[in-house]
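To be precise, the following lines are run.cif, and they hold mmCIF, C-alpha atoms and all ligand atoms.
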data_structure
loop_
_atom_site.label_atom_id
_atom_site.label_comp_id
_atom_site.auth_asym_id
_atom_site.auth_seq_id
_atom_site.Cartn_x
_atom_site.Cartn_y
_atom_site.Cartn_z
CA MET U 312 -12.88 7.35 -58.31
CA THR U 313 -14.54 7.34 -54.99
CA ASP U 314 -16.86 9.00 -52.51
CA LEU U 315 -15.54 9.99 -49.13
CA HIS U 316 -17.11 9.95 -45.69
CA LEU U 317 -16.19 11.24 -42.25
CA ASP U 318 -18.40 9.70 -39.60
CA GLY U 319 -18.29 11.49 -36.24
CA ILE U 320 -14.60 12.39 -36.22
CA SER U 321 -13.16 13.89 -33.03
CA LYS U 322 -9.52 14.66 -32.39
CA SER U 323 -7.61 16.30 -29.53
CA PHE U 324 -3.95 17.21 -29.18
CA GLY U 325 -3.14 17.23 -25.47
CA GLY U 326 -5.59 19.74 -24.03
CA VAL U 327 -6.55 21.22 -27.43
CA THR U 328 -9.69 19.90 -29.11
CA ALA U 329 -9.13 20.23 -32.86
CA LEU U 330 -12.24 18.39 -34.14
CA ARG U 331 -15.62 17.84 -32.48
CA ASP U 332 -17.87 15.25 -34.06
CA VAL U 333 -17.21 16.13 -37.70
CA ASN U 334 -19.57 14.45 -40.17
CA LEU U 335 -19.04 14.98 -43.89
CA ASP U 336 -20.02 13.18 -47.08
CA VAL U 337 -18.12 14.08 -50.23
CA GLU U 338 -19.55 12.76 -53.47
CA ASP U 339 -17.61 10.99 -56.19
CA GLY U 340 -15.98 13.58 -58.45
CA GLU U 341 -16.97 16.51 -56.27
CA PHE U 342 -14.85 19.61 -55.60
CA PHE U 343 -15.50 19.97 -51.87
CA THR U 344 -13.99 22.79 -49.84
CA LEU U 345 -13.34 23.13 -46.12
CA VAL U 346 -13.34 26.83 -45.32
CA GLY U 347 -12.97 28.60 -42.00
CA PRO U 348 -10.67 30.81 -39.96
CA SER U 349 -7.22 29.82 -38.76
CA GLY U 350 -7.29 27.05 -36.16
CA CYS U 351 -10.85 25.84 -36.91
CA GLY U 352 -9.68 22.31 -37.78
CA LYS U 353 -9.46 22.27 -41.60
CA THR U 354 -5.94 20.85 -41.83
CA THR U 355 -6.60 18.26 -39.11
CA THR U 356 -9.67 17.09 -41.05
CA LEU U 357 -7.63 16.80 -44.24
CA ARG U 358 -4.81 14.99 -42.43
CA ALA U 359 -7.34 12.50 -41.04
CA VAL U 360 -8.51 11.78 -44.60
CA ALA U 361 -4.91 11.42 -45.81
CA GLY U 362 -4.04 9.10 -42.92
CA PHE U 363 -1.46 11.40 -41.32
CA GLU U 364 -3.65 11.68 -38.21
CA SER U 365 -5.82 8.99 -36.69
CA PRO U 366 -9.05 10.22 -35.13
CA ASP U 367 -9.72 9.67 -31.41
CA GLU U 368 -13.31 8.86 -32.30
CA GLY U 369 -15.20 8.22 -35.51
CA ALA U 370 -14.19 6.75 -38.85
CA VAL U 371 -12.99 7.76 -42.29
CA ARG U 372 -14.39 5.77 -45.21
CA PHE U 373 -13.55 5.79 -48.92
CA GLY U 374 -16.70 4.36 -50.45
CA ASP U 375 -17.48 1.44 -48.13
CA ARG U 376 -13.81 0.83 -47.23
CA GLY U 377 -12.99 1.79 -43.63
CA MET U 378 -9.60 3.52 -43.42
CA ALA U 379 -8.70 2.71 -39.80
CA GLY U 380 -5.12 1.44 -39.75
CA VAL U 381 -4.56 2.06 -43.48
CA PRO U 382 -1.29 4.05 -43.90
CA PRO U 383 -1.24 7.15 -46.16
CA GLU U 384 0.65 5.39 -48.98
CA ASP U 385 -2.09 2.75 -49.24
CA ARG U 386 -4.99 5.23 -49.39
CA ASP U 387 -4.83 6.29 -53.04
CA VAL U 388 -4.69 9.97 -52.15
CA GLY U 389 -2.63 12.71 -53.76
CA VAL U 390 -1.76 15.58 -51.43
CA VAL U 391 -0.55 19.12 -52.15
CA PHE U 392 0.53 21.22 -49.17
CA GLN U 393 0.75 24.97 -48.80
CA ASN U 394 4.54 25.19 -48.93
CA TYR U 395 5.87 23.82 -52.17
CA ALA U 396 7.45 20.63 -50.91
CA LEU U 397 9.49 20.04 -54.05
CA PHE U 398 12.91 18.44 -53.81
CA ALA U 399 15.44 21.12 -54.71
CA HIS U 400 18.09 18.58 -55.77
CA MET U 401 15.77 16.94 -58.32
CA THR U 402 14.63 18.31 -61.67
CA VAL U 403 10.97 19.05 -62.31
CA GLY U 404 10.64 15.74 -64.18
CA GLU U 405 12.24 13.79 -61.32
CA ASN U 406 9.96 15.51 -58.82
CA VAL U 407 6.87 14.44 -60.75
CA ALA U 408 8.26 10.91 -61.23
CA TYR U 409 8.82 10.73 -57.46
CA GLY U 410 5.03 10.67 -57.17
CA LEU U 411 5.13 7.25 -58.84
CA ARG U 412 7.44 5.65 -56.26
CA PHE U 413 4.75 3.67 -54.42
CA ARG U 414 2.31 2.76 -57.16
CA GLY U 415 4.18 2.96 -60.41
CA THR U 416 2.63 4.26 -63.60
CA PRO U 417 -1.08 3.71 -64.14
CA GLY U 418 -1.84 1.62 -67.25
CA ASP U 419 1.07 0.53 -69.45
CA GLN U 420 2.53 4.00 -69.93
CA SER U 421 6.28 4.56 -69.52
CA LYS U 422 7.37 6.74 -66.63
CA GLU U 423 8.63 9.41 -69.06
CA ALA U 424 5.34 9.51 -70.96
CA ARG U 425 3.37 9.79 -67.73
CA VAL U 426 5.54 12.68 -66.49
CA ALA U 427 5.18 14.44 -69.86
CA ASP U 428 1.38 14.00 -69.80
CA LEU U 429 1.11 15.44 -66.30
CA LEU U 430 3.33 18.41 -67.07
CA ASP U 431 1.15 19.03 -70.09
CA LEU U 432 -1.95 18.84 -67.90
CA VAL U 433 -0.60 21.58 -65.59
CA ASP U 434 0.56 23.70 -68.57
CA LEU U 435 4.26 23.03 -67.99
CA ALA U 436 4.97 20.88 -71.05
CA GLY U 437 8.71 20.62 -71.71
CA PHE U 438 9.76 21.70 -68.20
CA GLU U 439 11.22 18.24 -67.29
CA GLU U 440 14.84 19.34 -67.03
CA ARG U 441 14.26 22.59 -65.13
CA ASP U 442 15.35 22.97 -61.51
CA PRO U 443 12.59 23.87 -59.05
CA ASP U 444 14.64 26.96 -58.13
CA ALA U 445 14.15 28.27 -61.65
CA LEU U 446 10.34 28.27 -61.31
CA SER U 447 7.87 30.86 -60.05
CA GLY U 448 5.76 30.07 -56.97
CA GLY U 449 2.72 29.29 -59.13
CA GLN U 450 4.74 26.98 -61.38
CA ARG U 451 6.16 25.13 -58.37
CA GLN U 452 2.67 24.50 -57.05
CA ARG U 453 1.65 23.17 -60.46
CA VAL U 454 4.61 20.76 -60.33
CA ALA U 455 3.48 19.70 -56.84
CA LEU U 456 0.00 19.13 -58.26
CA ALA U 457 1.41 17.06 -61.15
CA ARG U 458 3.40 14.99 -58.67
CA ALA U 459 0.31 14.37 -56.51
CA LEU U 460 -1.70 13.32 -59.58
CA ALA U 461 1.05 11.15 -61.10
CA PRO U 462 -0.05 7.79 -59.68
CA GLY U 463 -3.69 8.43 -60.63
CA PRO U 464 -5.08 8.72 -57.08
CA ASP U 465 -8.76 8.30 -56.23
CA VAL U 466 -8.81 11.41 -54.08
CA LEU U 467 -6.97 14.72 -54.32
CA LEU U 468 -6.33 16.67 -51.12
CA LEU U 469 -5.22 20.29 -51.35
CA ASP U 470 -4.16 22.13 -48.20
CA GLU U 471 -4.03 25.89 -48.85
CA PRO U 472 -1.96 25.28 -52.00
CA MET U 473 -2.12 28.92 -53.01
CA SER U 474 -1.57 30.71 -49.73
CA ALA U 475 2.01 31.72 -50.54
CA LEU U 476 1.10 33.25 -53.91
CA ASP U 477 0.11 36.82 -54.67
CA ALA U 478 -3.54 37.67 -55.36
CA ARG U 479 -3.29 37.64 -59.16
CA LEU U 480 -1.47 34.30 -59.29
CA ARG U 481 -3.94 32.79 -56.82
CA LYS U 482 -6.82 33.61 -59.13
CA ASP U 483 -5.03 32.17 -62.17
CA LEU U 484 -4.02 29.02 -60.34
CA ARG U 485 -7.43 28.39 -58.81
CA THR U 486 -9.00 28.52 -62.26
CA GLN U 487 -6.41 26.06 -63.48
CA VAL U 488 -6.88 23.71 -60.51
CA LYS U 489 -10.63 23.77 -61.07
CA ARG U 490 -10.18 23.01 -64.77
CA ILE U 491 -7.85 20.08 -64.07
CA GLN U 492 -10.16 18.74 -61.37
CA SER U 493 -13.18 18.78 -63.70
CA GLU U 494 -11.16 17.31 -66.56
CA LEU U 495 -10.06 14.37 -64.39
CA GLY U 496 -13.34 14.15 -62.46
CA ILE U 497 -11.31 13.42 -59.34
CA THR U 498 -12.90 13.66 -55.88
CA THR U 499 -11.19 16.67 -54.33
CA VAL U 500 -11.08 18.14 -50.84
CA TYR U 501 -9.68 21.63 -50.78
CA VAL U 502 -8.72 23.58 -47.66
CA THR U 503 -8.69 27.36 -47.60
CA HIS U 504 -9.32 30.22 -45.20
CA ASP U 505 -10.18 32.42 -48.19
CA GLN U 506 -13.97 32.58 -48.45
CA GLU U 507 -13.94 34.16 -51.91
CA GLU U 508 -11.78 31.33 -53.22
CA ALA U 509 -14.07 28.76 -51.59
CA LEU U 510 -17.20 30.26 -53.16
CA ALA U 511 -15.52 30.57 -56.56
CA VAL U 512 -14.25 27.03 -57.13
CA SER U 513 -16.32 24.60 -55.10
CA ASP U 514 -19.25 22.35 -55.91
CA ARG U 515 -20.01 22.44 -52.18
CA VAL U 516 -18.39 24.02 -49.14
CA ALA U 517 -18.28 23.08 -45.47
CA VAL U 518 -17.87 26.10 -43.22
CA MET U 519 -15.89 25.11 -40.12
CA HIS U 520 -15.64 26.95 -36.82
CA ASP U 521 -13.97 25.86 -33.62
CA GLY U 522 -13.57 22.21 -34.63
CA ARG U 523 -17.14 21.84 -35.89
CA VAL U 524 -18.87 21.91 -39.24
CA GLU U 525 -21.36 24.80 -39.08
CA GLN U 526 -22.96 24.40 -42.49
CA VAL U 527 -22.54 22.40 -45.69
CA GLY U 528 -24.00 23.36 -49.04
CA ARG U 529 -23.58 24.75 -52.51
CA PRO U 530 -21.74 28.11 -52.46
CA GLU U 531 -24.80 30.11 -53.51
CA ASP U 532 -27.05 28.41 -50.94
CA VAL U 533 -24.65 28.89 -48.05
CA TYR U 534 -24.06 32.51 -49.11
CA ARG U 535 -27.75 33.32 -49.47
CA ARG U 536 -29.08 31.28 -46.57
CA PRO U 537 -26.50 31.11 -43.78
CA GLU U 538 -27.77 29.05 -40.86
CA THR U 539 -25.66 30.63 -38.16
CA ARG U 540 -24.40 34.11 -37.40
CA PHE U 541 -20.84 32.87 -37.80
CA VAL U 542 -21.52 31.66 -41.36
CA ALA U 543 -23.41 34.89 -42.17
CA GLU U 544 -20.40 36.98 -41.17
CA PHE U 545 -17.61 34.70 -42.39
CA LEU U 546 -18.79 34.13 -45.97
CA GLY U 547 -18.73 37.50 -47.69
CA GLU U 548 -19.70 40.75 -46.03
CA ASN U 549 -22.95 41.03 -44.15
CA ASN U 550 -24.94 43.42 -42.03
CA VAL U 551 -26.10 41.47 -39.02
CA PHE U 552 -28.91 42.81 -36.83
CA ALA U 553 -29.91 41.42 -33.46
CA GLY U 554 -33.42 42.31 -32.30
CA GLU U 555 -36.60 41.09 -30.69
CA VAL U 556 -39.95 40.02 -32.08
CA ASP U 557 -42.48 42.79 -31.61
CA GLY U 558 -45.86 41.85 -33.10
CA GLU U 559 -45.41 41.52 -36.87
CA ALA U 560 -42.04 43.24 -36.81
CA VAL U 561 -38.57 42.93 -35.34
CA ARG U 562 -37.42 45.70 -33.07
CA VAL U 563 -33.74 46.67 -33.11
CA GLY U 564 -33.16 49.48 -30.63
CA GLU U 565 -35.84 52.09 -31.34
CA ARG U 566 -36.50 50.94 -34.89
CA SER U 567 -38.94 48.32 -36.20
CA PHE U 568 -38.20 46.27 -39.31
CA ARG U 569 -40.45 44.08 -41.39
CA LEU U 570 -38.88 40.84 -42.62
CA GLY U 571 -40.19 38.58 -45.38
CA ASP U 572 -38.71 35.46 -43.77
CA LEU U 573 -40.34 36.07 -40.45
CA GLY U 574 -43.76 36.85 -41.91
CA ALA U 575 -43.68 33.57 -43.84
CA SER U 576 -43.34 31.44 -40.73
CA ASP U 577 -46.55 32.27 -38.88
CA ASP U 578 -46.50 29.04 -36.93
CA ARG U 579 -43.05 29.77 -35.53
CA ASP U 580 -42.53 29.60 -31.83
CA ALA U 581 -41.50 33.21 -31.47
CA PRO U 582 -43.58 35.17 -29.02
CA ASP U 583 -42.95 38.86 -28.49
CA GLY U 584 -39.54 39.38 -26.94
CA SER U 585 -37.94 36.37 -28.68
CA THR U 586 -34.50 37.18 -29.98
CA VAL U 587 -34.05 37.34 -33.74
CA THR U 588 -30.81 37.60 -35.67
CA PHE U 589 -31.12 38.59 -39.29
CA CYS U 590 -28.77 39.81 -41.98
CA VAL U 591 -28.84 41.97 -45.07
CA ARG U 592 -26.02 41.82 -47.63
CA PRO U 593 -24.31 45.14 -48.49
CA GLU U 594 -25.55 44.82 -52.08
CA HIS U 595 -29.13 44.70 -50.74
CA LEU U 596 -28.92 47.87 -48.68
CA ALA U 597 -30.52 50.37 -51.05
CA ARG U 598 -30.05 54.14 -51.29
CA ASP U 599 -33.67 54.81 -52.34
CA PRO U 600 -35.55 52.57 -49.92
CA VAL U 601 -39.29 52.33 -49.57
CA GLU U 602 -39.24 50.15 -46.45
CA ASN U 603 -37.10 49.45 -43.43
CA VAL U 604 -35.48 52.86 -43.70
CA VAL U 605 -32.68 54.08 -41.44
CA GLU U 606 -30.51 57.16 -41.52
CA ALA U 607 -26.83 56.49 -40.97
CA ALA U 608 -23.61 58.49 -40.83
CA VAL U 609 -20.93 57.88 -43.46
CA GLU U 610 -17.74 56.78 -41.69
CA ALA U 611 -15.50 55.83 -44.60
CA VAL U 612 -15.64 55.09 -48.32
CA GLU U 613 -13.40 52.60 -50.15
CA PHE U 614 -13.09 52.39 -53.93
CA LEU U 615 -13.19 48.73 -55.03
CA GLY U 616 -12.94 49.20 -58.79
CA GLU U 617 -16.39 48.05 -59.87
CA SER U 618 -18.13 49.78 -56.90
CA PHE U 619 -17.62 51.61 -53.63
CA ARG U 620 -17.79 50.09 -50.17
CA VAL U 621 -19.39 52.57 -47.79
CA HIS U 622 -18.98 52.11 -44.05
CA LEU U 623 -21.90 53.55 -42.12
CA ASP U 624 -22.70 54.06 -38.48
CA TRP U 625 -26.29 53.57 -37.41
CA GLN U 626 -26.96 53.88 -33.67
CA GLY U 627 -23.46 52.63 -32.92
CA GLN U 628 -23.88 49.66 -35.25
CA ARG U 629 -21.58 49.39 -38.23
CA LEU U 630 -23.29 48.86 -41.58
CA THR U 631 -21.74 48.28 -44.98
CA LEU U 632 -23.27 49.40 -48.25
CA ARG U 633 -22.27 48.85 -51.88
CA ALA U 634 -22.68 51.95 -54.05
CA ASP U 635 -22.07 52.63 -57.74
CA GLU U 636 -21.05 56.23 -57.05
CA ARG U 637 -19.01 57.76 -54.24
CA PRO U 638 -21.50 59.29 -51.79
CA THR U 639 -20.95 62.98 -51.10
CA ALA U 640 -23.35 63.48 -48.15
CA GLU U 641 -22.30 62.95 -44.54
CA ARG U 642 -25.51 61.08 -43.78
CA LEU U 643 -27.34 58.58 -45.97
CA THR U 644 -30.85 57.20 -45.93
CA VAL U 645 -30.69 53.48 -46.59
CA GLY U 646 -33.07 50.57 -46.26
CA PHE U 647 -33.92 47.14 -47.51
CA ASP U 648 -36.70 45.12 -49.03
CA PRO U 649 -38.17 42.70 -46.44
CA GLU U 650 -37.48 39.86 -48.90
CA ASP U 651 -33.76 40.68 -48.91
CA ALA U 652 -33.41 40.15 -45.17
CA HIS U 653 -32.44 36.65 -44.17
CA VAL U 654 -33.33 35.41 -40.68
CA VAL U 655 -30.38 33.47 -39.25
CA SER U 656 -31.96 32.45 -35.99
CA VAL U 657 -35.13 32.94 -34.00
CA GLY U 658 -34.56 32.19 -30.35
CA GLU U 659 -36.90 31.22 -27.59
CA ARG U 660 -37.93 34.05 -25.34
CA ALA U 661 -34.46 35.09 -24.32
CA GLN U 662 -33.45 34.86 -20.71
CA ALA U 663 -31.67 38.17 -21.15
CA VAL U 664 -34.89 39.83 -22.26
CA ALA U 665 -36.84 38.37 -19.37
CA ASP U 666 -34.15 39.50 -16.96
CA ARG U 667 -34.15 43.00 -18.37
CA ARG U 668 -37.94 43.25 -18.14
CA ARG U 669 -37.77 42.15 -14.52
CA VAL U 670 -35.25 44.89 -13.83
CA ASP U 671 -37.38 47.40 -15.75
CA ASP U 672 -40.49 46.45 -13.76
P1 LIG U 701 -4.84 27.05 -40.29
O1 LIG U 701 -5.74 27.68 -41.31
O2 LIG U 701 -4.18 28.07 -39.41
O3 LIG U 701 -3.91 26.03 -40.85
P2 LIG U 701 -6.73 25.01 -39.47
O4 LIG U 701 -8.14 25.39 -39.58
O5 LIG U 701 -6.15 24.17 -40.54
O6 LIG U 701 -5.83 26.29 -39.26
P3 LIG U 701 -5.78 22.97 -37.68
O7 LIG U 701 -4.36 23.10 -38.18
O8 LIG U 701 -6.55 21.78 -38.09
O9 LIG U 701 -6.60 24.27 -38.06
O10 LIG U 701 -5.74 23.07 -36.09
C1 LIG U 701 -6.89 22.96 -35.27
C2 LIG U 701 -6.47 23.13 -33.82
O11 LIG U 701 -5.68 22.02 -33.42
C3 LIG U 701 -5.62 24.36 -33.56
O12 LIG U 701 -5.97 24.88 -32.32
C4 LIG U 701 -4.22 23.83 -33.58
O13 LIG U 701 -3.38 24.64 -32.80
C5 LIG U 701 -4.40 22.44 -32.99
N1 LIG U 701 -3.40 21.48 -33.51
C6 LIG U 701 -3.33 21.01 -34.77
N2 LIG U 701 -2.31 20.11 -34.90
C7 LIG U 701 -1.73 20.03 -33.68
C8 LIG U 701 -0.64 19.27 -33.14
N3 LIG U 701 0.06 18.42 -33.90
N4 LIG U 701 -0.33 19.44 -31.83
C9 LIG U 701 -1.04 20.29 -31.06
N5 LIG U 701 -2.09 21.03 -31.50
C10 LIG U 701 -2.43 20.91 -32.78
#
Step by step, read the file and then write its structure as structure tokens.
Amino acid sequence: MTDLHLDGISKSFGGVTALRDVNLDVEDGEFFTLVGPSGCGKTTTLRAVAGFESPDEGAVRFGDRGMAGVPPEDRDVGVVFQNYALFAHMTVGENVAYGLRFRGTPGDQSKEARVADLLDLVDLAGFEERDPDALSGGQRQRVALARALAPGPDVLLLDEPMSALDARLRKDLRTQVKRIQSELGITTVYVTHDQEEALAVSDRVAVMHDGRVEQVGRPEDVYRRPETRFVAEFLGENNVFAGEVDGEAVRVGERSFRLGDLGASDDRDAPDGSTVTFCVRPEHLARDPVENVVEAAVEAVEFLGESFRVHLDWQGQRLTLRADERPTAERLTVGFDPEDAHVVSVGERAQAVADRRRVDD
């Protein structure tokens, strides 16, 4: 087993910059997820770890071993891609055994016993003689996982392995992947654009955006304390407000809000007029508020099963609320506890504000 490090990785393809100074440290045995929208650089990062891409700048290390010039087959990595890359002309057993072609069987196990063990691990015991064509999408991905794990790699790399599966299968498979990963204790880097999946399975996540890592942390920490507006809006739903410091409060349009976070940092460098971005999760917008109250128009209501998602319009800003019951009124009074607002950023006195004041004067 091994820990994994990316030290200042940058990579361009022609005129396209895919990665900009990516630094990541993945601990031994950790389930680490790269999450972000399409094109943010997740796959390129994974390919750099696997050795399919060499970075323009920076280094990949497994433990203290530098990986520059080490080809993929010498890196001790198992890789599962999004499209089931199984060989159609081979049986399931032969596909898994193919994973042993470079390294052979770990320990003194026979090839057959190793294949049987791995199929058992992915809940496909006895499937050796099946053709890949005779498997469901989820089963094929489990065979691909067994093949990647066959040689006993140090690191498992999973690139959107569930993206071709329907929602129900995805949930089943992610639970299974997580179980197998913890059972083996294998260092795993998982790529997904699905934020719910990332939060559900990972020990830690790295949120990527435009070739950069925006934030790294445990799912609950990144969800509760996003450090950038992008992270606040990408991970789960959020109500993001942009305002200005006004004495003890933050002014958004005509309305003043009191925020716990802001009050706590009295020594902050945020004079009146500084820009503030803060967010309030839909589950923290309350229907019977005592503070930070606004009245908003109901735009649409969606039934989610366990609750309702209510889309609101407040002064042209879209807000989202979670409700136990379907609201019947056209307008709702909502608000939030100052402690439930999370300040994402407090800017210096914004140039835009200064400019506007000059125009106003
Ligand atoms: P997706 O979720 O859509 O797979 P991603 O986050 O994995 O996206 P990458 O595939 O790493 O993103 O791509 C990052 C950027 O680099 C994109 O703009 C992509 O078009 C570009 N890119 C990646 N590989 C190549 C390549 N071989 N040649 C040219 N451009 C590339």
Distance query region 541-547 of chain U at most 7 Å, all atoms listed in the file, self and fewer than 6 positions along chain excluded, as a compact mmCIF listing (two decimals) with C-alpha atoms, keeping the file's coordinate frame:
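What landed in around.txt:
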# COMPACT_ATOMS: atom_id res chain seq x y z
CA GLN U 506 -13.97 32.58 -48.45
CA VAL U 518 -17.87 26.10 -43.22
CA TYR U 534 -24.06 32.51 -49.11
What lies within 10 Å of Val561 (chain U) using all atoms listed in the file, ignoring chain neighbours under 2 positions off, as a ChimeraX atom specification?
/U:552-559,563-564,566-570,573,583-589
Could you list, as a ChimeraX atom specification, every residue within 6 Å of region 361-374 of chain U, counting all atoms listed in the file and ignoring same-chain residues fewer than 4 positions away?
/U:313-322,378,382-383
Leaving out Glu440 (chain U) and any residue of its chain fewer than 6 positions from it, which residues lie within 12 Å of it when counting only C-alpha atoms, given as a VMD selection string?
chain U and resid 400 to 407 423 426 to 427 430 446
What is the distance, in Å and to one decimal place, between CA of Glu606 (chain U) and CA of Gly658 (chain U)?
27.7 Å
For chain U versus ligand LIG 701 (chain U), which residues have an atom no more than 9 Å away, and what is each residue's nearest atom pair and distance in Å rounded to one decimal, using all atoms listed in the file, chain-then-number order, as JSON lines?
{"residue": "U:Lys322", "atom": "CA", "partner": "U:LIG701", "partner_atom": "O11", "distance": 8.4}
{"residue": "U:Ser323", "atom": "CA", "partner": "U:LIG701", "partner_atom": "O11", "distance": 7.2}
{"residue": "U:Phe324", "atom": "CA", "partner": "U:LIG701", "partner_atom": "C9", "distance": 4.6}
{"residue": "U:Gly325", "atom": "CA", "partner": "U:LIG701", "partner_atom": "C9", "distance": 6.7}
{"residue": "U:Gly326", "atom": "CA", "partner": "U:LIG701", "partner_atom": "N5", "distance": 8.3}
{"residue": "U:Val327", "atom": "CA", "partner": "U:LIG701", "partner_atom": "N5", "distance": 6.0}
{"residue": "U:Thr328", "atom": "CA", "partner": "U:LIG701", "partner_atom": "O11", "distance": 6.3}
{"residue": "U:Ala329", "atom": "CA", "partner": "U:LIG701", "partner_atom": "O11", "distance": 3.9}
{"residue": "U:Leu330", "atom": "CA", "partner": "U:LIG701", "partner_atom": "C1", "distance": 7.1}
{"residue": "U:Leu345", "atom": "CA", "partner": "U:LIG701", "partner_atom": "O4", "distance": 8.7}
{"residue": "U:Val346", "atom": "CA", "partner": "U:LIG701", "partner_atom": "O4", "distance": 7.9}
{"residue": "U:Gly347", "atom": "CA", "partner": "U:LIG701", "partner_atom": "O4", "distance": 6.3}
{"residue": "U:Pro348", "atom": "CA", "partner": "U:LIG701", "partner_atom": "O4", "distance": 6.0}
{"residue": "U:Ser349", "atom": "CA", "partner": "U:LIG701", "partner_atom": "O2", "distance": 3.6}
{"residue": "U:Gly350", "atom": "CA", "partner": "U:LIG701", "partner_atom": "O9", "distance": 3.4}
{"residue": "U:Cys351", "atom": "CA", "partner": "U:LIG701", "partner_atom": "O4", "distance": 3.8}
{"residue": "U:Gly352", "atom": "CA", "partner": "U:LIG701", "partner_atom": "O8", "distance": 3.2}
{"residue": "U:Lys353", "atom": "CA", "partner": "U:LIG701", "partner_atom": "O4", "distance": 3.9}
{"residue": "U:Thr354", "atom": "CA", "partner": "U:LIG701", "partner_atom": "O5", "distance": 3.6}
{"residue": "U:Thr355", "atom": "CA", "partner": "U:LIG701", "partner_atom": "O8", "distance": 3.7}
{"residue": "U:Thr356", "atom": "CA", "partner": "U:LIG701", "partner_atom": "O8", "distance": 6.4}
{"residue": "U:Leu357", "atom": "CA", "partner": "U:LIG701", "partner_atom": "O8", "distance": 8.0}
{"residue": "U:Arg358", "atom": "CA", "partner": "U:LIG701", "partner_atom": "O8", "distance": 8.2}
{"residue": "U:Glu364", "atom": "CA", "partner": "U:LIG701", "partner_atom": "N3", "distance": 8.8}
{"residue": "U:Asp470", "atom": "CA", "partner": "U:LIG701", "partner_atom": "O5", "distance": 8.2}
{"residue": "U:Glu471", "atom": "CA", "partner": "U:LIG701", "partner_atom": "O1", "distance": 7.9}
{"residue": "U:Val502", "atom": "CA", "partner": "U:LIG701", "partner_atom": "O5", "distance": 7.6}
{"residue": "U:Thr503", "atom": "CA", "partner": "U:LIG701", "partner_atom": "O1", "distance": 7.0}
{"residue": "U:His504", "atom": "CA", "partner": "U:LIG701", "partner_atom": "O1", "distance": 5.9}
{"residue": "U:Met519", "atom": "CA", "partner": "U:LIG701", "partner_atom": "O4", "distance": 7.8}
{"residue": "U:His520", "atom": "CA", "partner": "U:LIG701", "partner_atom": "O4", "distance": 8.1}
{"residue": "U:Asp521", "atom": "CA", "partner": "U:LIG701", "partner_atom": "C1", "distance": 7.8}
{"residue": "U:Gly522", "atom": "CA", "partner": "U:LIG701", "partner_atom": "C1", "distance": 6.8}
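Counting only C-alpha atoms, the residue from U:Pro649, U:Pro462, U:Leu480, U:Val533 that sits nearest to Ala560 (chain U) is U:Pro649.
Closest approach to Arg414 (chain U) from the set U:Ile497, U:Leu469, U:Val388, U:Ala611 is made by U:Val388, with distances taken over only C-alpha atoms.
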Place a sphere of radius 6 Å on (-16.4, 12.8, -51.2) in the file coordinates and name every protein, DNA or RNA residue with an atom inside or on its surface, counting only C-alpha atoms; give the answer as a ChimeraX atom specification.
/U:314-315,336-339,498
From the options U:Val605, U:Val524, U:Val360, U:Val391, which residue's atoms come nearest to Glu565 (chain U), counting only C-alpha atoms?
U:Val605
Using only C-alpha atoms, pick whichever of U:Gln487, U:Ser493, U:Thr416, U:Ser618 has the shortest atom-to-atom distance to Leu435 (chain U).
U:Gln487
The distance between CA of Glu641 (chain U) and CA of Arg620 (chain U) is 14.7 Å
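Considering all atoms listed in the file, the residue among U:Asp599, U:Glu636, U:Asp651, U:Glu610 positioned nearest to Asn549 (chain U) is U:Asp651.
Interatomic distance, CA of Ala511 (chain U) against CA of His653 (chain U): 21.8 Å.
Comparing the minimum interatomic distances between Arg637 (chain U) and each of U:Glu341, U:Phe392, U:Glu613, U:Val655, counting only C-alpha atoms, we find that U:Glu613 sits nearest.
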Hey, can I get the axis-aligned box for region 526-533 of chain U? All listed atoms, 3 Å padding on each side, centre and edge lengths in Å to one decimal, as lines of an AutoDock Vina configuration file.
center_x = -24.4
center_y = 26.3
center_z = -48.0
size_x = 11.3
size_y = 13.7
size_z = 17.0
If I put a ball of radius 9 Å at (-25.2, 46.3, -53.4) in the file's coordinates, which residues poke into it when counting all atoms listed in the file, written as a short mmCIF file (atom, residue, chain, number, x, y, z; two decimals) with C-alpha atoms, in the frame of the given file?
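The resulting selection.cif:
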data_model
loop_
_atom_site.label_atom_id
_atom_site.label_comp_id
_atom_site.auth_asym_id
_atom_site.auth_seq_id
_atom_site.Cartn_x
_atom_site.Cartn_y
_atom_site.Cartn_z
CA ARG U 592 -26.02 41.82 -47.63
CA PRO U 593 -24.31 45.14 -48.49
CA GLU U 594 -25.55 44.82 -52.08
CA HIS U 595 -29.13 44.70 -50.74
CA LEU U 596 -28.92 47.87 -48.68
CA ALA U 597 -30.52 50.37 -51.05
CA SER U 618 -18.13 49.78 -56.90
CA ARG U 620 -17.79 50.09 -50.17
CA LEU U 632 -23.27 49.40 -48.25
CA ARG U 633 -22.27 48.85 -51.88
CA ALA U 634 -22.68 51.95 -54.05
CA ASP U 635 -22.07 52.63 -57.74
#
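Once region 450-453 of chain U and its same-chain neighbours fewer than 6 positions away are set aside, Val391, Phe392, Gln393, Asn394, Tyr395, Ala396, Leu397, Val403, Leu429, Leu430, Leu432, Val433, Asp434, Leu435, Phe438, Asp442, Pro443, Asp444, Ala459, Pro472, Met473, Ala475, Leu476, Leu480, Leu484, Gln487 and Val488 of chain U remain within 10 Å of it when counting all atoms listed in the file.
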